[in-house]
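So this one's coords-v4.cif, mmCIF, C-alpha atoms:
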data_data
#
loop_
_atom_site.label_atom_id
_atom_site.label_comp_id
_atom_site.auth_asym_id
_atom_site.auth_seq_id
_atom_site.Cartn_x
_atom_site.Cartn_y
_atom_site.Cartn_z
CA SER A 1 97.51 106.71 131.96
CA LYS A 2 96.38 103.49 130.31
CA ILE A 3 92.77 104.73 130.00
CA LEU A 4 93.86 107.96 128.28
CA SER A 5 96.08 106.07 125.85
CA LYS A 6 93.13 103.81 124.96
CA ILE A 7 90.91 106.83 124.30
CA LYS A 8 93.65 108.44 122.24
CA MET A 9 94.14 105.33 120.10
CA GLU A 10 90.42 105.06 119.40
CA GLU A 11 90.14 108.77 118.56
CA GLU A 12 93.12 108.57 116.22
CA ILE A 13 91.55 105.71 114.27
CA LEU A 14 88.10 107.31 114.07
CA ILE A 15 89.53 110.70 112.99
CA PHE A 16 91.73 109.04 110.38
CA LEU A 17 88.81 107.08 108.89
CA LYS A 18 86.75 110.24 108.43
CA THR A 19 89.10 111.64 105.79
CA ALA A 20 91.23 108.67 104.74
CA ASP A 21 92.25 107.69 101.26
CA PRO A 22 91.14 104.05 100.70
CA LYS A 23 94.71 103.03 99.84
CA GLN A 24 95.95 104.37 103.18
CA ILE A 25 93.62 102.33 105.38
CA LYS A 26 95.47 99.00 105.50
CA PRO A 27 98.94 100.57 106.01
CA PHE A 28 97.50 102.77 108.76
CA LEU A 29 95.77 99.89 110.57
CA ASP A 30 98.87 97.71 110.14
CA SER A 31 100.93 100.44 111.81
CA LYS A 32 98.52 100.48 114.75
CA LEU A 33 98.66 96.70 115.09
CA SER A 34 102.46 96.81 115.12
CA GLN A 35 102.96 99.98 117.15
CA ASP A 36 105.01 98.12 119.78
CA PHE A 37 107.35 96.73 117.10
CA ASP A 38 109.88 98.27 114.73
CA SER A 39 107.83 97.19 111.72
CA TYR A 40 104.75 95.24 110.66
CA GLU A 41 107.07 92.48 109.41
CA GLU A 42 108.58 92.19 112.90
CA LEU A 43 105.07 91.78 114.33
CA LEU A 44 104.35 88.99 111.84
CA CYS A 45 107.54 87.17 112.85
CA PHE A 46 106.62 87.52 116.53
CA LEU A 47 103.10 86.20 115.96
CA GLU A 48 104.44 83.19 114.08
CA LYS A 49 106.80 82.34 116.94
CA CYS A 50 104.39 82.84 119.85
CA GLN A 51 101.35 81.08 118.39
CA PRO A 52 101.41 77.32 117.86
CA LYS A 53 99.91 76.20 114.56
CA LEU A 54 96.76 74.63 115.93
CA SER A 55 94.90 74.51 112.63
CA CYS A 56 95.53 75.17 108.95
CA ASN A 57 94.83 78.70 107.73
CA ALA A 58 94.70 77.75 104.04
CA ASN A 59 91.66 79.06 102.22
CA TRP A 60 90.80 79.59 98.58
CA LEU A 61 88.36 81.60 96.48
CA SER A 62 89.28 80.14 93.11
CA GLU A 63 89.57 76.61 91.73
CA ARG A 64 92.10 74.56 93.69
CA LEU A 65 92.92 70.88 94.14
CA ILE A 66 91.70 69.64 97.55
CA ALA A 67 91.22 66.31 99.29
CA SER A 68 88.40 64.68 101.21
CA CYS A 69 88.72 61.57 103.35
CA LYS A 70 85.93 59.15 104.19
CA ASN A 71 87.85 58.04 107.29
CA CYS A 72 88.45 61.51 108.76
CA GLY A 73 85.98 64.03 107.34
CA LEU A 74 83.03 64.53 109.69
CA PHE A 75 80.75 66.09 107.06
CA ASP A 76 80.18 65.56 103.35
CA ASN A 77 81.91 68.87 102.55
CA SER A 78 84.85 68.42 104.98
CA CYS A 79 88.15 68.81 103.14
CA ILE A 80 91.85 69.52 103.56
CA CYS A 81 94.52 71.13 101.40
CA ILE A 82 97.03 68.95 99.55
CA SER A 83 99.85 70.04 101.87
CA CYS A 84 98.01 68.71 104.94
CA LEU A 85 97.11 65.54 103.02
CA LEU A 86 100.77 64.83 102.29
CA ASP A 87 101.85 65.68 105.86
CA GLY A 88 99.20 63.41 107.36
CA ASN A 89 98.63 59.69 107.80
CA HIS A 90 95.95 59.26 105.12
CA ILE A 91 98.15 57.79 102.38
CA PRO A 92 100.34 55.53 104.60
CA GLU A 93 97.24 54.13 106.33
CA LYS A 94 95.41 53.75 102.99
CA HIS A 95 92.43 55.90 103.89
CA GLN A 96 89.60 56.32 101.41
CA ILE A 97 90.74 59.59 99.80
CA PHE A 98 89.08 61.59 97.03
CA LEU A 99 90.71 64.45 95.12
CA ALA A 100 88.66 67.21 93.50
CA PHE A 101 88.87 70.82 92.42
CA GLY A 102 87.07 73.07 94.90
CA GLU A 103 86.09 76.61 93.90
CA SER A 104 86.00 78.12 97.40
CA GLY A 105 86.56 76.93 100.94
CA SER A 106 89.14 76.40 103.63
CA CYS A 107 91.24 73.56 105.02
CA ASP A 108 89.69 71.71 107.99
CA CYS A 109 92.93 70.21 109.33
CA GLY A 110 93.26 70.95 113.04
CA GLN A 111 89.54 71.65 113.52
CA SER A 112 88.07 68.79 115.52
CA GLN A 113 84.49 69.89 114.84
CA LEU A 114 85.07 69.25 111.12
CA TRP A 115 87.85 66.66 110.94
CA ASN A 116 88.72 63.62 113.05
CA PRO A 117 91.80 64.51 115.17
CA LYS A 118 93.32 61.14 114.21
CA GLY A 119 93.66 62.57 110.71
CA PHE A 120 95.37 65.86 111.65
CA CYS A 121 98.69 66.38 109.90
CA LYS A 122 101.98 66.63 111.81
CA LYS A 123 101.90 70.46 111.65
CA HIS A 124 98.42 70.99 113.12
CA HIS A 125 97.41 69.44 116.42
CA GLY A 126 94.03 71.04 117.03
CA GLN A 127 92.82 73.69 119.43
CA HIS A 128 93.28 73.19 123.15
CA GLY A 129 91.88 75.90 125.41
CA ASN A 130 91.91 79.46 124.10
CA PRO A 131 94.66 80.12 121.50
CA GLU A 132 94.53 83.90 122.06
CA GLU A 133 96.09 83.28 125.47
CA TYR A 134 99.39 82.59 123.71
CA LEU A 135 99.46 86.30 122.83
CA PRO A 136 100.92 88.74 125.39
CA ILE A 137 98.25 90.67 127.29
CA HIS A 138 99.42 94.07 125.99
CA LEU A 139 99.14 92.80 122.41
CA ARG A 140 95.65 91.45 122.98
CA GLU A 141 94.59 94.77 124.49
CA ASN A 142 96.04 96.67 121.55
CA PHE A 143 94.25 94.46 119.03
CA ASN A 144 90.95 94.81 120.89
CA LEU A 145 91.30 98.62 120.95
CA ILE A 146 91.61 98.60 117.17
CA PHE A 147 88.68 96.21 116.78
CA ASN A 148 86.49 98.38 119.05
CA ALA A 149 87.32 101.52 117.07
CA LEU A 150 86.47 99.76 113.80
CA LYS A 151 83.16 98.52 115.24
CA LYS A 152 82.23 102.06 116.30
CA PHE A 153 83.05 103.34 112.83
CA ILE A 154 81.06 100.55 111.14
CA ILE A 155 77.99 101.24 113.29
CA SER A 156 78.19 105.01 112.69
CA GLU A 157 78.43 104.44 108.94
CA ILE A 158 75.46 102.06 109.00
CA GLU A 159 73.42 104.60 110.96
CA LYS A 160 74.25 107.28 108.38
CA ARG A 161 73.91 104.80 105.51
CA THR A 162 77.14 106.06 103.97
CA PHE A 163 79.12 102.77 104.23
CA CYS A 164 82.52 104.44 103.73
CA PHE A 165 85.51 102.09 103.46
CA PHE A 166 83.50 98.95 104.27
CA GLN A 167 85.36 96.97 101.60
CA GLU A 168 88.76 98.05 102.92
CA ILE A 169 87.83 97.37 106.56
CA PHE A 170 86.36 93.93 105.86
CA ASP A 171 89.40 93.04 103.73
CA PHE A 172 91.56 93.99 106.72
CA ILE A 173 89.45 91.82 109.05
CA ASP A 174 89.71 88.89 106.61
CA ILE A 175 93.50 89.14 106.60
CA LEU A 176 93.54 88.84 110.41
CA ALA A 177 92.52 85.20 110.04
CA GLU A 178 95.90 84.56 108.40
CA LEU A 179 97.86 85.92 111.39
CA GLY A 180 97.43 82.80 113.51
CA ASP A 181 94.78 81.01 115.54
CA GLY A 182 95.07 83.38 118.50
CA VAL A 183 94.54 86.52 116.42
CA ARG A 184 91.77 84.84 114.45
CA ARG A 185 89.86 83.86 117.60
CA LEU A 186 90.44 87.28 119.16
CA SER A 187 88.93 89.03 116.12
CA SER A 188 86.10 86.49 115.87
CA ILE A 189 85.10 87.06 119.50
CA SER A 190 85.24 90.83 119.08
CA PHE A 191 83.25 91.08 115.85
CA SER A 192 80.61 88.59 117.00
CA GLU A 193 79.84 90.39 120.26
CA GLU A 194 76.11 90.55 120.95
CA ASN A 195 75.97 94.36 121.29
CA PHE A 196 77.74 94.86 117.96
CA LEU A 197 75.49 92.43 116.08
CA GLN A 198 72.36 93.89 117.70
CA ALA A 199 73.38 97.40 116.66
CA ILE A 200 73.75 96.22 113.07
CA LEU A 201 70.38 94.43 113.07
CA ILE A 202 68.57 97.37 114.65
CA ASN A 203 69.82 99.70 111.95
CA CYS A 204 69.46 97.49 108.90
CA TYR A 205 65.96 96.03 109.24
CA ASP A 206 64.66 98.33 106.46
CA PHE A 207 67.73 98.38 104.23
CA THR A 208 67.34 98.05 100.49
CA SER A 209 68.82 94.98 98.78
CA LYS A 210 71.63 97.19 97.44
CA GLU A 211 72.53 98.39 100.95
CA ILE A 212 72.48 94.82 102.26
CA ASP A 213 74.87 93.76 99.47
CA ILE A 214 77.31 96.47 100.60
CA ILE A 215 77.37 95.05 104.12
#
Could I get this file's structure written as C-alpha coordinates?
Amino acid sequence: SKILSKIKMEEEILIFLKTADPKQIKPFLDSKLSQDFDSYEELLCFLEKCQPKLSCNANWLSERLIASCKNCGLFDNSCICISCLLDGNHIPEKHQIFLAFGESGSCDCGQSQLWNPKGFCKKHHGQHGNPEEYLPIHLRENFNLIFNALKKFIISEIEKRTFCFFQEIFDFIDILAELGDGVRRLSSISFSEENFLQAILINCYDFTSKEIDII
(Lines of atoms letter the chains of each structure in order from A and count residues from 1; the text may use other names and numbers.)
(Lines give C-alpha, C1' and ligand atoms only; values in the text may rest on other atoms or scores of the structure.)
Protein backbone atom coordinates (compact mmCIF):
# COMPACT_ATOMS: atom_id res chain seq x y z
CA SER A 1 0.00 0.00 0.00
CA LYS A 2 0.97 3.66 -0.30
CA ILE A 3 1.43 4.01 3.48
CA LEU A 4 3.77 0.99 3.64
CA SER A 5 5.84 2.28 0.73
CA LYS A 6 6.20 5.64 2.52
CA ILE A 7 7.38 3.92 5.69
CA LYS A 8 9.79 1.77 3.69
CA MET A 9 11.29 4.78 1.91
CA GLU A 10 11.83 6.62 5.19
CA GLU A 11 13.37 3.54 6.84
CA GLU A 12 15.70 2.99 3.89
CA ILE A 13 17.02 6.55 4.12
CA LEU A 14 17.45 6.50 7.90
CA ILE A 15 19.19 3.09 7.84
CA PHE A 16 21.49 4.21 5.03
CA LEU A 17 22.50 7.40 6.87
CA LYS A 18 23.52 5.44 9.97
CA THR A 19 26.43 3.76 8.20
CA ALA A 20 26.94 5.80 5.03
CA ASP A 21 30.18 6.94 3.52
CA PRO A 22 30.00 10.75 3.10
CA LYS A 23 30.73 10.44 -0.63
CA GLN A 24 27.74 8.12 -1.07
CA ILE A 25 25.13 10.45 0.41
CA LYS A 26 24.41 12.71 -2.58
CA PRO A 27 24.29 9.83 -5.14
CA PHE A 28 21.99 7.90 -2.80
CA LEU A 29 19.61 10.83 -2.23
CA ASP A 30 19.69 11.66 -5.95
CA SER A 31 18.63 8.09 -6.69
CA LYS A 32 15.69 8.44 -4.30
CA LEU A 33 14.63 11.73 -5.88
CA SER A 34 14.71 10.14 -9.33
CA GLN A 35 13.34 6.70 -8.44
CA ASP A 36 10.46 7.08 -10.91
CA PHE A 37 12.86 7.92 -13.75
CA ASP A 38 15.54 5.98 -15.61
CA SER A 39 18.24 8.33 -14.31
CA TYR A 40 18.83 11.49 -12.30
CA GLU A 41 19.58 13.30 -15.57
CA GLU A 42 16.13 12.32 -16.88
CA LEU A 43 14.57 13.79 -13.73
CA LEU A 44 16.45 17.05 -14.29
CA CYS A 45 15.18 17.25 -17.87
CA PHE A 46 11.62 16.61 -16.69
CA LEU A 47 11.85 19.28 -13.99
CA GLU A 48 13.13 21.82 -16.50
CA LYS A 49 10.21 21.13 -18.84
CA CYS A 50 7.40 21.08 -16.27
CA GLN A 51 8.43 24.12 -14.24
CA PRO A 52 8.21 27.59 -15.78
CA LYS A 53 11.20 29.81 -15.03
CA LEU A 54 9.48 32.20 -12.66
CA SER A 55 12.66 33.65 -11.18
CA CYS A 56 16.40 33.50 -11.70
CA ASN A 57 18.27 30.82 -9.76
CA ALA A 58 21.69 32.42 -10.21
CA ASN A 59 23.66 32.77 -7.00
CA TRP A 60 27.32 33.31 -6.21
CA LEU A 61 29.71 32.86 -3.30
CA SER A 62 32.76 34.44 -4.90
CA GLU A 63 33.44 37.77 -6.61
CA ARG A 64 31.17 38.25 -9.63
CA LEU A 65 30.04 41.16 -11.79
CA ILE A 66 26.42 42.12 -10.96
CA ALA A 67 24.05 44.98 -11.72
CA SER A 68 21.79 47.19 -9.65
CA CYS A 69 19.10 49.47 -11.04
CA LYS A 70 17.74 52.58 -9.36
CA ASN A 71 14.53 52.25 -11.38
CA CYS A 72 13.77 48.61 -10.51
CA GLY A 73 15.60 47.58 -7.34
CA LEU A 74 13.32 47.84 -4.30
CA PHE A 75 16.16 47.82 -1.74
CA ASP A 76 19.68 49.22 -1.63
CA ASN A 77 21.14 45.71 -1.98
CA SER A 78 18.74 44.51 -4.73
CA CYS A 79 20.69 43.21 -7.71
CA ILE A 80 20.51 41.04 -10.81
CA CYS A 81 23.00 38.95 -12.76
CA ILE A 82 24.45 40.27 -16.02
CA SER A 83 22.45 37.76 -18.06
CA CYS A 84 19.14 39.10 -16.71
CA LEU A 85 20.38 42.67 -17.23
CA LEU A 86 21.04 42.01 -20.91
CA ASP A 87 17.73 40.15 -21.37
CA GLY A 88 15.76 42.95 -19.74
CA ASN A 89 14.60 46.45 -20.64
CA HIS A 90 17.08 48.38 -18.48
CA ILE A 91 19.53 49.36 -21.23
CA PRO A 92 16.96 50.12 -24.00
CA GLU A 93 14.93 52.27 -21.59
CA LYS A 94 18.09 53.96 -20.25
CA HIS A 95 17.56 53.02 -16.61
CA GLN A 96 20.00 54.21 -13.99
CA ILE A 97 22.25 51.12 -13.86
CA PHE A 98 25.31 50.49 -11.71
CA LEU A 99 27.78 47.64 -12.20
CA ALA A 100 29.85 46.26 -9.33
CA PHE A 101 31.62 43.13 -8.18
CA GLY A 102 29.58 41.33 -5.51
CA GLU A 103 31.23 38.72 -3.29
CA SER A 104 28.08 36.74 -2.43
CA GLY A 105 24.40 36.93 -3.22
CA SER A 106 21.71 35.89 -5.65
CA CYS A 107 19.84 37.37 -8.60
CA ASP A 108 16.54 39.09 -7.73
CA CYS A 109 15.01 38.92 -11.22
CA GLY A 110 11.52 37.42 -11.03
CA GLN A 111 11.10 38.15 -7.31
CA SER A 112 8.55 40.93 -6.95
CA GLN A 113 9.35 41.48 -3.27
CA LEU A 114 12.89 42.53 -4.26
CA TRP A 115 12.62 43.80 -7.84
CA ASN A 116 9.98 45.80 -9.70
CA PRO A 117 8.15 43.40 -12.07
CA LYS A 118 8.47 46.02 -14.83
CA GLY A 119 12.18 45.25 -14.78
CA PHE A 120 11.94 41.44 -15.02
CA CYS A 121 13.84 40.00 -17.97
CA LYS A 122 12.09 38.13 -20.79
CA LYS A 123 12.99 34.74 -19.24
CA HIS A 124 11.57 35.35 -15.75
CA HIS A 125 8.01 36.52 -15.24
CA GLY A 126 7.65 36.29 -11.48
CA GLN A 127 5.77 33.93 -9.20
CA HIS A 128 2.04 33.50 -9.62
CA GLY A 129 0.32 31.18 -7.15
CA ASN A 130 2.29 28.21 -5.87
CA PRO A 131 5.04 27.03 -8.28
CA GLU A 132 5.21 23.57 -6.66
CA GLU A 133 1.79 22.88 -8.15
CA TYR A 134 3.45 22.54 -11.56
CA LEU A 135 5.04 19.33 -10.22
CA PRO A 136 3.03 16.08 -10.48
CA ILE A 137 1.49 15.03 -7.17
CA HIS A 138 3.44 11.76 -7.00
CA LEU A 139 6.71 13.68 -7.43
CA ARG A 140 5.80 16.16 -4.71
CA GLU A 141 4.94 13.29 -2.36
CA ASN A 142 8.24 11.57 -3.12
CA PHE A 143 10.23 14.73 -2.48
CA ASN A 144 8.40 15.36 0.80
CA LEU A 145 9.09 11.79 1.96
CA ILE A 146 12.80 12.38 1.46
CA PHE A 147 12.65 15.76 3.20
CA ASN A 148 10.79 14.24 6.19
CA ALA A 149 13.36 11.46 6.54
CA LEU A 150 16.21 13.99 6.45
CA LYS A 151 14.48 16.13 9.10
CA LYS A 152 14.11 13.11 11.38
CA PHE A 153 17.78 12.29 10.94
CA ILE A 154 18.85 15.89 11.59
CA ILE A 155 16.80 16.07 14.80
CA SER A 156 18.13 12.71 16.05
CA GLU A 157 21.71 13.83 15.40
CA ILE A 158 21.12 17.13 17.20
CA GLU A 159 19.63 15.27 20.18
CA LYS A 160 22.71 13.01 20.31
CA ARG A 161 25.03 15.92 19.50
CA THR A 162 26.86 13.81 16.93
CA PHE A 163 26.01 15.94 13.85
CA CYS A 164 26.90 13.21 11.35
CA PHE A 165 26.78 14.21 7.67
CA PHE A 166 25.34 17.67 8.34
CA GLN A 167 27.61 19.23 5.71
CA GLU A 168 26.60 16.67 3.08
CA ILE A 169 22.88 16.97 3.87
CA PHE A 170 22.86 20.77 3.85
CA ASP A 171 24.85 20.78 0.59
CA PHE A 172 22.15 18.52 -0.86
CA ILE A 173 19.40 20.87 0.36
CA ASP A 174 21.22 23.86 -1.15
CA ILE A 175 21.37 22.16 -4.54
CA LEU A 176 17.58 21.69 -4.48
CA ALA A 177 17.22 25.44 -4.98
CA GLU A 178 18.77 25.00 -8.43
CA LEU A 179 16.15 22.44 -9.54
CA GLY A 180 13.46 25.03 -10.24
CA ASP A 181 11.06 27.29 -8.38
CA GLY A 182 8.62 24.49 -7.56
CA VAL A 183 11.26 22.26 -5.97
CA ARG A 184 12.80 25.23 -4.19
CA ARG A 185 9.48 26.27 -2.63
CA LEU A 186 8.62 22.67 -1.75
CA SER A 187 11.90 22.25 0.14
CA SER A 188 11.60 25.70 1.75
CA ILE A 189 8.13 24.90 3.09
CA SER A 190 9.27 21.52 4.40
CA PHE A 191 12.44 22.69 6.15
CA SER A 192 10.77 25.74 7.68
CA GLU A 193 7.90 23.82 9.27
CA GLU A 194 7.18 25.00 12.80
CA ASN A 195 7.58 21.56 14.43
CA PHE A 196 10.98 21.04 12.81
CA LEU A 197 12.30 24.46 13.83
CA GLN A 198 10.92 24.08 17.37
CA ALA A 199 12.65 20.70 17.73
CA ILE A 200 15.95 22.30 16.74
CA LEU A 201 15.53 25.23 19.14
CA ILE A 202 14.50 23.00 22.04
CA ASN A 203 17.64 20.91 21.64
CA CYS A 204 20.19 23.61 20.94
CA TYR A 205 19.49 26.23 23.61
CA ASP A 206 22.64 25.20 25.55
CA PHE A 207 24.90 24.37 22.62
CA THR A 208 28.49 25.52 22.64
CA SER A 209 29.61 28.02 20.00
CA LYS A 210 31.42 25.18 18.20
CA GLU A 211 28.23 23.10 18.03
CA ILE A 212 26.25 26.08 16.76
CA ASP A 213 28.84 26.62 14.00
CA ILE A 214 28.31 23.02 12.86
CA ILE A 215 24.58 23.61 12.46
Explicit residues for the PyMOL selection byres ((chain A and resi 200) around 12) (as a PyMOL selection string): chain A and resi 151-159+161+191-199+201-207+212+215
Give me, as a tab-separated table, the closest atom pair and its distance (Å, one decimal) for every residue of segment 72-189 of chain A within a cut-off of 10 Å of segment 38-60 of chain A, counting all atoms listed in the file, rows sorted by chain and rising number.
residue	atom	partner	partner_atom	distance
A:Ile80	CA	A:Cys56	CA	8.6
A:Cys81	CA	A:Ala58	CA	7.1
A:Ser83	CA	A:Ala58	CA	9.5
A:Cys84	CA	A:Cys56	CA	8.0
A:Gly102	CA	A:Trp60	CA	8.4
A:Glu103	CA	A:Trp60	CA	7.3
A:Ser104	CA	A:Trp60	CA	5.2
A:Gly105	CA	A:Trp60	CA	5.5
A:Ser106	CA	A:Asn59	CA	3.9
A:Cys107	CA	A:Ala58	CA	5.5
A:Asp108	CA	A:Cys56	CA	6.9
A:Cys109	CA	A:Cys56	CA	5.6
A:Gly110	CA	A:Ser55	CA	3.9
A:Gln111	CA	A:Ser55	CA	6.1
A:Ser112	CA	A:Ser55	CA	9.4
A:Phe120	CA	A:Ser55	CA	8.7
A:Cys121	CA	A:Ser55	CA	9.4
A:Lys123	CA	A:Lys53	CA	6.7
A:His124	CA	A:Leu54	CA	4.9
A:His125	CA	A:Leu54	CA	5.3
A:Gly126	CA	A:Leu54	CA	4.6
A:Gln127	CA	A:Leu54	CA	5.4
A:His128	CA	A:Leu54	CA	8.1
A:Pro131	CA	A:Gln51	CA	7.4
A:Glu132	CA	A:Gln51	CA	8.2
A:Glu133	CA	A:Gln51	CA	9.1
A:Tyr134	CA	A:Gln51	CA	5.9
A:Leu135	CA	A:Cys50	CA	6.7
A:Pro136	CA	A:Cys50	CA	8.8
A:Ala177	CA	A:Asn57	CA	7.3
A:Glu178	CA	A:Asn57	CA	6.0
A:Leu179	CA	A:Leu47	CA	7.0
A:Gly180	CA	A:Gln51	CA	6.5
A:Asp181	CA	A:Leu54	CA	6.7
A:Gly182	CA	A:Gln51	CA	6.7
A:Val183	CA	A:Leu47	CA	8.6
A:Arg184	CA	A:Asn57	CA	9.6
Shell around Lys70 of chain A at 10 Å using only C-alpha atoms, local window under 4 positions removed, as a PyMOL selection string: chain A and resi 74-76+78-79+95-98
Output C-alpha atoms for every residue in that selection, as a PDB file, in the frame of the given file.
ATOM      1  CA  LEU A  74      83.030  64.530 109.690  1.00  0.00           C
ATOM      2  CA  PHE A  75      80.750  66.090 107.060  1.00  0.00           C
ATOM      3  CA  ASP A  76      80.180  65.560 103.350  1.00  0.00           C
ATOM      4  CA  SER A  78      84.850  68.420 104.980  1.00  0.00           C
ATOM      5  CA  CYS A  79      88.150  68.810 103.140  1.00  0.00           C
ATOM      6  CA  HIS A  95      92.430  55.900 103.890  1.00  0.00           C
ATOM      7  CA  GLN A  96      89.600  56.320 101.410  1.00  0.00           C
ATOM      8  CA  ILE A  97      90.740  59.590  99.800  1.00  0.00           C
ATOM      9  CA  PHE A  98      89.080  61.590  97.030  1.00  0.00           C
TER      10      PHE A  98
END
Do you know which residues are at most 8 Å from Leu65 of chain A counting only C-alpha atoms, after dropping those on the same chain fewer than 2 positions away, and could you put them as a PDB file with C-alpha atoms, in the frame of the given file?
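File result32.pdb, as written:
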ATOM      1  CA  GLU A  63      89.570  76.610  91.730  1.00  0.00           C
ATOM      2  CA  ALA A  67      91.220  66.310  99.290  1.00  0.00           C
ATOM      3  CA  CYS A  81      94.520  71.130 101.400  1.00  0.00           C
ATOM      4  CA  ILE A  82      97.030  68.950  99.550  1.00  0.00           C
ATOM      5  CA  LEU A  99      90.710  64.450  95.120  1.00  0.00           C
ATOM      6  CA  ALA A 100      88.660  67.210  93.500  1.00  0.00           C
ATOM      7  CA  PHE A 101      88.870  70.820  92.420  1.00  0.00           C
ATOM      8  CA  GLY A 102      87.070  73.070  94.900  1.00  0.00           C
TER       9      GLY A 102
END
Interatomic distance (Å, one decimal) between atom CA of Ala20 of chain A and atom CA of Cys164 of chain A: 9.7 Å
N, CA, C and O atoms restored at segment 69-82 of chain A, emitted as a short mmCIF file (atom, residue, chain, number, x, y, z; two decimals), in the frame of the given file:
data_model
loop_
_atom_site.label_atom_id
_atom_site.label_comp_id
_atom_site.auth_asym_id
_atom_site.auth_seq_id
_atom_site.Cartn_x
_atom_site.Cartn_y
_atom_site.Cartn_z
N CYS A 69 88.36 62.89 102.82
CA CYS A 69 88.72 61.57 103.35
C CYS A 69 87.51 60.97 104.06
O CYS A 69 86.99 61.56 105.00
N LYS A 70 87.09 59.82 103.60
CA LYS A 70 85.93 59.15 104.19
C LYS A 70 86.21 58.70 105.63
O LYS A 70 85.31 58.57 106.44
N ASN A 71 87.49 58.49 105.95
CA ASN A 71 87.85 58.04 107.29
C ASN A 71 87.88 59.17 108.30
O ASN A 71 87.66 58.95 109.50
N CYS A 72 88.19 60.40 107.83
CA CYS A 72 88.45 61.51 108.76
C CYS A 72 87.46 62.67 108.67
O CYS A 72 87.24 63.37 109.66
N GLY A 73 86.91 62.92 107.49
CA GLY A 73 85.98 64.03 107.34
C GLY A 73 84.69 63.76 108.10
O GLY A 73 84.11 62.68 107.98
N LEU A 74 84.24 64.73 108.88
CA LEU A 74 83.03 64.53 109.69
C LEU A 74 81.75 64.96 108.97
O LEU A 74 80.66 64.65 109.43
N PHE A 75 81.90 65.66 107.86
CA PHE A 75 80.75 66.09 107.06
C PHE A 75 81.04 65.82 105.59
O PHE A 75 82.19 65.64 105.19
N ASP A 76 80.01 65.84 104.78
CA ASP A 76 80.18 65.56 103.35
C ASP A 76 81.10 66.57 102.68
O ASP A 76 81.80 66.23 101.71
N ASN A 77 81.09 67.83 103.18
CA ASN A 77 81.91 68.87 102.55
C ASN A 77 83.22 69.12 103.29
O ASN A 77 83.93 70.08 103.01
N SER A 78 83.58 68.27 104.27
CA SER A 78 84.85 68.42 104.98
C SER A 78 86.00 68.15 104.00
O SER A 78 85.93 67.22 103.19
N CYS A 79 87.03 68.97 104.08
CA CYS A 79 88.15 68.81 103.14
C CYS A 79 89.43 69.37 103.74
O CYS A 79 89.40 70.12 104.72
N ILE A 80 90.55 68.99 103.15
CA ILE A 80 91.85 69.52 103.56
C ILE A 80 92.65 69.90 102.31
O ILE A 80 92.36 69.42 101.21
N CYS A 81 93.65 70.74 102.52
CA CYS A 81 94.52 71.13 101.40
C CYS A 81 95.49 69.98 101.11
O CYS A 81 95.68 69.07 101.93
N ILE A 82 96.12 70.03 99.96
CA ILE A 82 97.03 68.95 99.55
C ILE A 82 98.25 68.88 100.46
O ILE A 82 98.77 67.80 100.76
#
